[in-house]
Amino acid sequence: AHLVDAVPRGWSYREGVAFGLQQYHPPPMPSRSGIFGSCDVHQRGLYPRELDQLTRSLWALDDVPAARVRLLQLGGVSHVVALHTKGLEALPEAGLFPSVYAEPIRVFRVEEPLPRTYVADGVRVVPEGEALAMLVDPRFDFRREVLLAEGLPPRAAQAGSPGESRVVSYLPDRVEVEVTARRAAVVVLLDSFDPGWRAWVDGRPVRILRVNVAFRAVPVPAGAHRVEMRYRPRALFLGIALSAHRSRRWRSRPRCSCAPRCPWRTRS
């Protein structure tokens, strides 16, 4: 934890803490400025298991800066904001700003991160327990290959670009991606995998794959395609069904003709 060291004159310590949070943007504060947060360890343990493993592995690499940079690139992270330099020595510093903390706020640039969506044609099938180690292995070309435990047969990446993709619509529960694939490939979206997501390619349902430990992807054939992902967890439909059932039961209750303040009247 970082303690506020220089509270502005006339401010209380709590006001200084609040100001520091606005300066430093610890998670989940960046979202207020329209910035996607990445690789933040969720202290309350609400992340999916695979995403939690990936983020904790990233921040355990203090003594292996090159491996940390590799994971940041793989996750599409363009900048790192920190109050320290340990484990970030391999990143060029893009900015240094005074803060209410004892340390200045440092902004580091991650060079050549993956885009938010991209196309890969190489597939490596590895057991769950080996995926994290493989991600930091230089023999794994994360720009042309994906790691997964099941869902596709292994195949080597071919020479030349496999294609391009771009996000054309992005909402919290729905993402649309346009894809041009030069051969059979996998379209990766650098958003966390969750079994509640569903996918369609040109209107046809397809299975969403969990690749590179914690991200989402779908296979596509050669050609131009439109990929749509929607968040439709089973719990949502169960909740809608239960709510509709309770509503029908409430409307079917008998009504009485007593005083106007009778609860049966006020809720009918």
# chains A, B, ... in the order shown; residues from 1 in each chain; ligands from 1
call {"tool": "residues_around", "arguments": {"residues": "stretch 171-187 of chain A", "least_positions_apart": "3", "cutoff": "8 Å", "atoms": "only C-alpha atoms", "output": "VMD selection string"}}
result
chain A and resid 117 to 122 161 to 168 217 to 232
call {"tool": "residues_around", "arguments": {"residues": "stretch 126-134 of chain A", "least_positions_apart": "6", "cutoff": "8 Å", "atoms": "only C-alpha atoms", "output": "ChimeraX atom specification"}}
result
/A:54,57,140,147-149,212-213
call {"tool": "atom_distance", "arguments": {"atom1": "atom CA of A:Leu88", "atom2": "atom CA of A:Ala67"}}
result
10.6 Å
call {"tool": "closest_residue", "arguments": {"among": "A:Gln53, A:Glu103, A:Arg198, A:Val211", "to": "A:Glu145", "atoms": "only C-alpha atoms"}}
result
A:Val211
